[in-house]
>>> print(open('entry15.pdb').read())   # PDB, C-alpha atoms
ATOM      1  CA  MET A  20     -33.122 -72.853   6.569  1.00  0.00           C
ATOM      2  CA  SER A  21     -29.926 -71.200   5.407  1.00  0.00           C
ATOM      3  CA  GLU A  22     -29.510 -70.025   1.815  1.00  0.00           C
ATOM      4  CA  LEU A  23     -27.917 -72.706  -0.384  1.00  0.00           C
ATOM      5  CA  LEU A  24     -24.845 -71.665  -2.362  1.00  0.00           C
ATOM      6  CA  THR A  25     -23.322 -73.306  -5.419  1.00  0.00           C
ATOM      7  CA  VAL A  26     -19.660 -74.323  -5.617  1.00  0.00           C
ATOM      8  CA  GLN A  27     -19.107 -71.465  -8.074  1.00  0.00           C
ATOM      9  CA  GLU A  28     -20.612 -68.912  -5.671  1.00  0.00           C
ATOM     10  CA  VAL A  29     -18.522 -70.159  -2.741  1.00  0.00           C
ATOM     11  CA  ALA A  30     -15.376 -70.094  -4.900  1.00  0.00           C
ATOM     12  CA  ALA A  31     -16.075 -66.455  -5.784  1.00  0.00           C
ATOM     13  CA  ILE A  32     -16.684 -65.528  -2.130  1.00  0.00           C
ATOM     14  CA  VAL A  33     -13.618 -67.350  -0.798  1.00  0.00           C
ATOM     15  CA  LYS A  34     -11.474 -66.419  -3.829  1.00  0.00           C
ATOM     16  CA  CYS A  35     -10.262 -69.908  -4.643  1.00  0.00           C
ATOM     17  CA  SER A  36     -10.883 -72.503  -7.345  1.00  0.00           C
ATOM     18  CA  GLU A  37     -14.049 -74.565  -7.621  1.00  0.00           C
ATOM     19  CA  ASP A  38     -11.965 -77.731  -7.212  1.00  0.00           C
ATOM     20  CA  ALA A  39     -10.627 -76.410  -3.896  1.00  0.00           C
ATOM     21  CA  VAL A  40     -14.179 -75.728  -2.708  1.00  0.00           C
ATOM     22  CA  VAL A  41     -15.270 -79.266  -3.614  1.00  0.00           C
ATOM     23  CA  ARG A  42     -12.253 -80.764  -1.803  1.00  0.00           C
ATOM     24  CA  ARG A  43     -12.843 -78.671   1.326  1.00  0.00           C
ATOM     25  CA  PHE A  44     -16.624 -78.975   1.590  1.00  0.00           C
ATOM     26  CA  ALA A  45     -17.509 -82.399   0.117  1.00  0.00           C
ATOM     27  CA  LYS A  46     -17.438 -84.156   3.503  1.00  0.00           C
ATOM     28  CA  VAL A  47     -18.525 -81.246   5.746  1.00  0.00           C
ATOM     29  CA  ASP A  48     -21.699 -81.848   7.767  1.00  0.00           C
ATOM     30  CA  GLY A  49     -24.647 -79.944   6.383  1.00  0.00           C
ATOM     31  CA  VAL A  50     -23.380 -79.799   2.781  1.00  0.00           C
ATOM     32  CA  ILE A  51     -25.799 -81.353   0.297  1.00  0.00           C
ATOM     33  CA  ASP A  52     -24.305 -83.557  -2.445  1.00  0.00           C
ATOM     34  CA  LEU A  53     -26.663 -83.832  -5.413  1.00  0.00           C
ATOM     35  CA  GLY A  54     -24.140 -85.687  -7.589  1.00  0.00           C
ATOM     36  CA  ARG A  55     -24.133 -89.272  -8.717  1.00  0.00           C
ATOM     37  CA  ALA A  56     -22.975 -92.040  -6.426  1.00  0.00           C
ATOM     38  CA  GLU A  57     -19.361 -93.098  -6.710  1.00  0.00           C
ATOM     39  CA  ARG A  58     -18.544 -96.046  -8.945  1.00  0.00           C
ATOM     40  CA  LYS A  59     -15.303 -98.020  -8.928  1.00  0.00           C
ATOM     41  CA  ASP A  60     -14.549 -97.387 -12.602  1.00  0.00           C
ATOM     42  CA  LYS A  61     -15.544 -93.707 -12.738  1.00  0.00           C
ATOM     43  CA  ARG A  62     -14.700 -90.521 -10.937  1.00  0.00           C
ATOM     44  CA  GLN A  63     -17.432 -89.260  -8.633  1.00  0.00           C
ATOM     45  CA  TYR A  64     -19.573 -86.487 -10.100  1.00  0.00           C
ATOM     46  CA  ARG A  65     -20.218 -83.876  -7.424  1.00  0.00           C
ATOM     47  CA  VAL A  66     -22.924 -81.244  -7.381  1.00  0.00           C
ATOM     48  CA  LEU A  67     -22.708 -79.558  -3.995  1.00  0.00           C
ATOM     49  CA  ARG A  68     -25.031 -77.086  -2.343  1.00  0.00           C
ATOM     50  CA  ILE A  69     -23.374 -75.404   0.608  1.00  0.00           C
ATOM     51  CA  PRO A  70     -25.610 -73.695   3.163  1.00  0.00           C
ATOM     52  CA  LYS A  71     -24.526 -70.136   3.941  1.00  0.00           C
ATOM     53  CA  SER A  72     -24.455 -71.019   7.652  1.00  0.00           C
ATOM     54  CA  VAL A  73     -22.026 -73.899   6.984  1.00  0.00           C
ATOM     55  CA  LEU A  74     -19.730 -71.593   5.005  1.00  0.00           C
ATOM     56  CA  GLU A  75     -19.826 -68.982   7.791  1.00  0.00           C
ATOM     57  CA  LYS A  76     -19.042 -71.621  10.439  1.00  0.00           C
ATOM     58  CA  TYR A  77     -16.152 -72.993   8.354  1.00  0.00           C
ATOM     59  CA  LEU A  78     -14.680 -69.513   7.776  1.00  0.00           C
ATOM     60  CA  SER A  79     -15.163 -68.546  11.432  1.00  0.00           C
ATOM     61  CA  THR A  80     -13.231 -71.633  12.513  1.00  0.00           C
ATOM     62  CA  LYS A  81     -10.389 -70.814  10.122  1.00  0.00           C
ATOM     63  CA  ALA A  82     -10.325 -67.094  11.008  1.00  0.00           C
ATOM     64  CA  GLY A  83     -10.658 -67.565  14.752  1.00  0.00           C
ATOM     65  CA  HIS A  84     -13.484 -65.031  14.973  1.00  0.00           C
ATOM     66  CA  PRO A  85     -17.085 -64.793  13.737  1.00  0.00           C
ATOM     67  CA  VAL A  86     -17.411 -64.271   9.987  1.00  0.00           C
ATOM     68  CA  ARG A  87     -20.550 -63.097   8.183  1.00  0.00           C
ATOM     69  CA  VAL A  88     -20.842 -63.755   4.464  1.00  0.00           C
ATOM     70  CA  GLU A  89     -22.583 -61.360   2.085  1.00  0.00           C
ATOM     71  CA  VAL A  90     -23.856 -63.332  -0.885  1.00  0.00           C
ATOM     72  CA  PRO A  91     -23.767 -61.358  -4.143  1.00  0.00           C
ATOM     73  CA  ASP A  92     -27.033 -61.063  -6.050  1.00  0.00           C
ATOM     74  CA  ARG A  93     -27.506 -63.908  -8.478  1.00  0.00           C
ATOM     75  CA  PRO A  94     -27.793 -62.894 -12.108  1.00  0.00           C
ATOM     76  CA  PRO A  95     -31.183 -63.670 -13.637  1.00  0.00           C
ATOM     77  CA  ARG A  96     -31.383 -66.934 -15.565  1.00  0.00           C
ATOM     78  CA  SER A  97     -33.307 -65.439 -18.436  1.00  0.00           C
ATOM     79  CA  LYS A  98     -33.062 -62.019 -20.007  1.00  0.00           C
ATOM     80  CA  GLY A  99     -36.536 -60.948 -19.006  1.00  0.00           C
ATOM     81  CA  LYS A 100     -38.057 -57.647 -20.020  1.00  0.00           C
ATOM     82  CA  ASP A 101     -36.317 -55.551 -17.337  1.00  0.00           C
ATOM     83  CA  TRP A 102     -32.740 -56.874 -17.583  1.00  0.00           C
ATOM     84  CA  ARG A 103     -31.348 -53.437 -18.482  1.00  0.00           C
ATOM     85  CA  LYS A 104     -32.933 -51.849 -15.412  1.00  0.00           C
ATOM     86  CA  ARG A 105     -31.463 -54.587 -13.209  1.00  0.00           C
ATOM     87  CA  ALA A 106     -28.033 -54.107 -14.813  1.00  0.00           C
ATOM     88  CA  ILE A 107     -28.169 -50.339 -14.150  1.00  0.00           C
ATOM     89  CA  LYS A 108     -29.166 -50.916 -10.519  1.00  0.00           C
ATOM     90  CA  ASN A 109     -26.403 -53.500 -10.018  1.00  0.00           C
ATOM     91  CA  LEU A 110     -23.726 -51.193 -11.464  1.00  0.00           C
ATOM     92  CA  ALA A 111     -24.979 -48.299  -9.346  1.00  0.00           C
ATOM     93  CA  LYS A 112     -24.961 -50.508  -6.235  1.00  0.00           C
ATOM     94  CA  ALA A 113     -21.391 -51.671  -6.951  1.00  0.00           C
ATOM     95  CA  ALA A 114     -20.234 -48.073  -7.489  1.00  0.00           C
ATOM     96  CA  LEU A 115     -21.814 -46.916  -4.234  1.00  0.00           C
ATOM     97  CA  GLN A 116     -20.443 -49.860  -2.251  1.00  0.00           C
ATOM     98  CA  ASN A 117     -16.962 -48.985  -3.509  1.00  0.00           C
ATOM     99  CA  ASN A 118     -17.383 -45.224  -2.986  1.00  0.00           C
ATOM    100  CA  ASP A 119     -16.606 -44.565  -6.660  1.00  0.00           C
ATOM    101  CA  THR A 120     -19.251 -42.662  -8.584  1.00  0.00           C
ATOM    102  CA  ASP A 121     -16.796 -40.907 -10.929  1.00  0.00           C
ATOM    103  CA  ARG A 122     -18.471 -40.487 -14.323  1.00  0.00           C
ATOM    104  CA  LYS A 123     -15.280 -41.371 -16.248  1.00  0.00           C
ATOM    105  CA  VAL A 124     -14.880 -44.594 -14.282  1.00  0.00           C
ATOM    106  CA  LEU A 125     -18.465 -45.652 -14.933  1.00  0.00           C
ATOM    107  CA  GLU A 126     -18.096 -44.806 -18.636  1.00  0.00           C
ATOM    108  CA  ARG A 127     -14.924 -46.922 -18.847  1.00  0.00           C
ATOM    109  CA  ILE A 128     -16.686 -49.833 -17.150  1.00  0.00           C
ATOM    110  CA  GLY A 129     -19.450 -49.563 -19.751  1.00  0.00           C
ATOM    111  CA  GLN A 130     -16.918 -49.485 -22.594  1.00  0.00           C
ATOM    112  CA  LEU A 131     -15.122 -52.548 -21.255  1.00  0.00           C
ATOM    113  CA  ALA A 132     -18.406 -54.379 -20.722  1.00  0.00           C
ATOM    114  CA  ARG A 133     -19.246 -53.712 -24.387  1.00  0.00           C
ATOM    115  CA  MET A 134     -15.795 -54.996 -25.414  1.00  0.00           C
ATOM    116  CA  PHE A 135     -16.314 -58.140 -23.330  1.00  0.00           C
ATOM    117  CA  THR A 136     -19.414 -59.021 -25.364  1.00  0.00           C
ATOM    118  CA  GLN A 137     -16.941 -59.768 -28.180  1.00  0.00           C
ATOM    119  CA  ILE A 138     -14.729 -62.037 -26.033  1.00  0.00           C
ATOM    120  CA  PRO A 139     -15.668 -65.601 -25.013  1.00  0.00           C
ATOM    121  CA  GLU A 140     -16.770 -65.636 -21.357  1.00  0.00           C
ATOM    122  CA  ASN A 141     -14.130 -68.189 -20.379  1.00  0.00           C
ATOM    123  CA  LEU A 142     -11.464 -65.560 -21.239  1.00  0.00           C
ATOM    124  CA  TRP A 143     -12.958 -62.682 -19.228  1.00  0.00           C
ATOM    125  CA  THR A 144     -10.942 -63.292 -16.049  1.00  0.00           C
ATOM    126  CA  GLU A 145      -7.701 -63.699 -17.981  1.00  0.00           C
ATOM    127  CA  THR A 146      -8.439 -60.515 -19.950  1.00  0.00           C
ATOM    128  CA  LEU A 147      -9.209 -58.520 -16.792  1.00  0.00           C
ATOM    129  CA  ASP A 148      -6.103 -59.882 -15.080  1.00  0.00           C
ATOM    130  CA  SER A 149      -3.970 -58.651 -17.995  1.00  0.00           C
ATOM    131  CA  LEU A 150      -5.014 -55.027 -17.382  1.00  0.00           C
ATOM    132  CA  PRO A 151      -2.394 -52.878 -15.633  1.00  0.00           C
ATOM    133  CA  ASP A 152      -2.986 -52.550 -11.869  1.00  0.00           C
ATOM    134  CA  GLY A 153      -5.658 -49.985 -11.044  1.00  0.00           C
ATOM    135  CA  LYS A 154      -6.472 -49.327 -14.691  1.00  0.00           C
ATOM    136  CA  LEU A 155      -9.728 -50.001 -16.483  1.00  0.00           C
ATOM    137  CA  SER A 156      -8.228 -50.195 -19.960  1.00  0.00           C
ATOM    138  CA  TRP A 157      -4.935 -50.595 -21.755  1.00  0.00           C
ATOM    139  CA  TYR A 158      -5.246 -47.118 -23.252  1.00  0.00           C
ATOM    140  CA  GLU A 159      -6.192 -45.268 -20.090  1.00  0.00           C
ATOM    141  CA  GLU A 160      -4.092 -42.174 -19.578  1.00  0.00           C
ATOM    142  CA  GLU A 161      -2.317 -41.487 -16.314  1.00  0.00           C
ATOM    143  CA  ASP A 162      -4.464 -39.481 -13.904  1.00  0.00           C
ATOM    144  CA  GLU A 163      -3.194 -35.965 -13.470  1.00  0.00           C
TER     145      GLU A 163
END
>>> encode(input="entry15.pdb", output="structure tokens")
Amino acid sequence: MSELLTVQEVAAIVKCSEDAVVRRFAKVDGVIDLGRAERKDKRQYRVLRIPKSVLEKYLSTKAGHPVRVEVPDRPPRSKGKDWRKRAIKNLAKAALQNNDTDRKVLERIGQLARMFTQIPENLWTETLDSLPDGKLSWYEEEDE
């Protein structure tokens, strides 16, 4: 069986809103709806699980060529005793995948991550989007 993805995961992969994912995939064959049944007086509550194979088929149809989806690692649900080791490995993997192992860049990412612990999570995207293009902080000096 194909790996089941949440609406949030599919939205991150496809780079669109969760509402758009629900609208597009709610009636697609193979998608599992774990939500409550629709009632006349209430809006339907949807909890979808979208198989990876269904997402790939959908994207392949839209793109006109085969599409393979790489699902990002899911963060652990509980802290666990080795969460720091996992965080180090995940940052290292991201740096390698993006061919950027510059020490200053990794230090800036660490500084921003620390800053983000002081900001409510629902503001993280907005805060990141407010950074100047290509910069990791508001105070970053121009590269020479």
>>> residues_near_point(input="entry15.pdb", point="(-20.0, -64.7, 7.9)", cutoff="10 Å", atoms="only C-alpha atoms", output="list in words")
Lys71, Ser72, Val73, Leu74, Glu75, Lys76, Tyr77, Leu78, Ser79, His84, Pro85, Val86, Arg87, Val88, Glu89 and Val90 of chain A
>>> resolve_selection(input="entry15.pdb", expression="the PyMOL selection byres ((chain A and resi 27) around 12)", output="ChimeraX atom specification")
/A:23-26,28-41,66-69,90-91,93
>>> atom_distance(input="entry15.pdb", atom1="atom CA of A:Glu22", atom2="atom CA of A:Asp92")
12.2 Å
>>> resolve_selection(input="entry15.pdb", expression="the PyMOL selection byres ((chain A and resi 128) around 12)", output="list in words")
Ile107, Leu110, Ala111, Ala113, Ala114, Asp119, Thr120, Asp121, Arg122, Lys123, Val124, Leu125, Glu126, Arg127, Gly129, Gln130, Leu131, Ala132, Arg133, Met134, Phe135, Leu147, Lys154, Leu155, Ser156 and Glu159 of chain A
>>> atom_distance(input="entry15.pdb", atom1="atom CA of A:Ser21", atom2="atom CA of A:Phe44")
15.9 Å
>>> resolve_selection(input="entry15.pdb", expression="the PyMOL selection byres ((chain A and resi 53) around 10)", output="MDAnalysis selection string")
chainID A and resid 50:52 54:56 64:68
